Amino acid sequence: MSRLAPVLSVSPCRGLVDEKLTVLVENLPPGLPVTLHSLHLSEDNDYWEAFGHYVSDHRGVVSVADDISFGGTYTGIEAMGLLWSMRPVPDGRQQLRLRRTNVCSPLLISISVYAGHQAEGFRKLCPLSSSVIERWYVAPGVKRVSVRERGVRGTLFIPPGPGPFPGVLDMWGGGGGLVEYRSAMLASHGYVSLAVEYLSAEEMASAGEEFHYFETAFSLLQEHPQVVPDRVALVSLSLGCMICFLMAAESSVVKPFCCVGISGSHLRSKGKKSNVISRLFETQADKIIFDESGHQIWRGLGLAVMHDSDKVDVGKINCPILLINGTDDQNWPAVECSEDISQRMKAAGKEHLLTVLEYPGAGHLIEPPYSPHFRVTNFKKNVKLVWGGKTKPHSEAQEDAWRKMLAFLQAHLYSSGMPRAKM
């Protein structure tokens with residue numbers, strides 16, 4: 001009797017990027033070594049891959065969620081290892097960062113199973129079975145609206161249904177520009193989210209004008225007819241945290257209901273935040289450390305700036321704050337900043353407002369769950385930056401931090417005092 005052909009099933013075949021996958025291979029000969037492999041072609045035409053080595057059980061089955069990977073880009077029982085351990089293929093460009101620009105189209109990922117324990121040349125091999133899955137940043141019905149109003153540039157994401165919904169002002173880091181994928185995901189979880197485009201230093205006449213820019217962005221979100229005006233949060237990463245804490249402490253316009261700061265700082269930088277990186281190079285370049293490969297480590301620079309600079313008086317903040325940090329952050333002393341924030345909140349009698357999450361082995365770029373880990377990537381002007389983190393603990397941190405951030409937003413923005421949104 002002829003054996004049935006191997007069958008690979010991946011579920012969901014179409015889902016959000018923060019949904020877990022079930023990967024199952026059936027109809028294999030018992031005890032057969034096989035390789036599960038994932039492949040993605042990025043918007044920049046770079047191939048990314050991950051793979052794990054398995055052995056089928058007595059039934060001829062491999063379940064990625066239940067079975068051990070004996071080798072590859074991840075080992076052990078790792079249900080999502082085929083995603084979070086992705087890396088550029090060996091013969092492609094290296095030290096890249098996988099970031100989606102067009103969030104209205106899915107990430108297409110090919111999952112394949114190969115006979116034997118393979119480690120290279122996958123595109124030249126013939127798989128036993130393959131499946132292509134779609135990973136979306138936007139849930140069905142989420143609207144994407146370009147914002148060009150009152151001098152503010154950005155993108156608004158609105159959940160399906162009439163609302164009203166809580167709002168989130170989403171602010172990113174020193175890379176600048178417009179980053180949409182976190183806002184798209186927040187809208188998929190029931191928040192009207194405005195991703196703010198960072199303008200260049202040349203477009204801002206002064207620090208005061210820059211401060212007003214973000215105040216205006218907050219007001220635009222707050223005034224939107226599908227937003228509950230007194231339930232608007234600030235979510236920020238890295239440089240964005242400086243803006244977040246300064247507005248929450250000192251703005252007469254911005255009164256957030258809660259704040260989230262990821263790998264950030266409460267420094268009160270002189271001048272425009274959009275110009276802070278170039279100013280650091282001008283004044284503190286001698287504090288930059290280079291690793292054995294010539295990659296730049298900015299942590300020491302950040303420590304020097306932290307000791308020499310004024311801080312935002314976070315004791316003036318009157319809303320709940322969630323801080324998320326990795327202890328192996330090599331880009332910025334976020335843990336030390338978090339400790340100083342904690343001391344200042346305690347001195348103001350507001351320590352009850354502060355929640356701090358610290359993740360051993362995680363680096364600076366704590367992204368949405370199952371995103372690949374980037375320890376070193378290309379940055380501006382041919383700079384290669386060390387962000388830190390070890391792949392497995394960093395990936396675990398991303399999954400846990402996302403879940404706890406959503407729970408934090410849910411607890412505060414959807415608490416019993418507000419009208420329920422109609423989804």
# chains A, B, ... in the order shown; residues from 1 in each chain; ligands from 1
call {"tool": "residues_around", "arguments": {"residues": "Leu21 in chain A", "least_positions_apart": "5", "cutoff": "12 Å", "atoms": "only C-alpha atoms", "output": "ChimeraX atom specification"}}
result
/A:9-16,63-65,78-84,109,111,133-135,370
call {"tool": "residues_around", "arguments": {"residues": "Leu8 in chain A", "least_positions_apart": "4", "cutoff": "6 Å", "atoms": "only C-alpha atoms", "output": "VMD selection string"}}
result
chain A and resid 24 to 25 129
call {"tool": "atom_distance", "arguments": {"atom1": "CA of Leu234 in chain A", "atom2": "CA of Trp172 in chain A"}}
result
10.9 Å
call {"tool": "select_by_dssp", "arguments": {"residues": "range 303-361 of chain A", "states": "helix (DSSP H, G or I)", "output": "MDAnalysis selection string"}}
result
chainID A and resid 303:308 314:316 334:347 351:353
call {"tool": "residues_around", "arguments": {"residues": "Gly388 in chain A", "least_positions_apart": "2", "cutoff": "6 Å", "atoms": "only C-alpha atoms", "output": "count of residues only"}}
result
6
call {"tool": "select_by_dssp", "arguments": {"residues": "range 252-365 of chain A", "states": "strand (DSSP E or B)", "output": "list in words"}}
result
Cys258, Cys259, Val260, Gly261, Ile262, Leu267, Ile289, Phe290, Gln296, Ile297, Lys311, Ile321, Leu322, Leu323, Ile324, Asn325, Gly326, Asp329, Leu354, Thr355, Val356, Leu357, Glu358 and Tyr359 of chain A
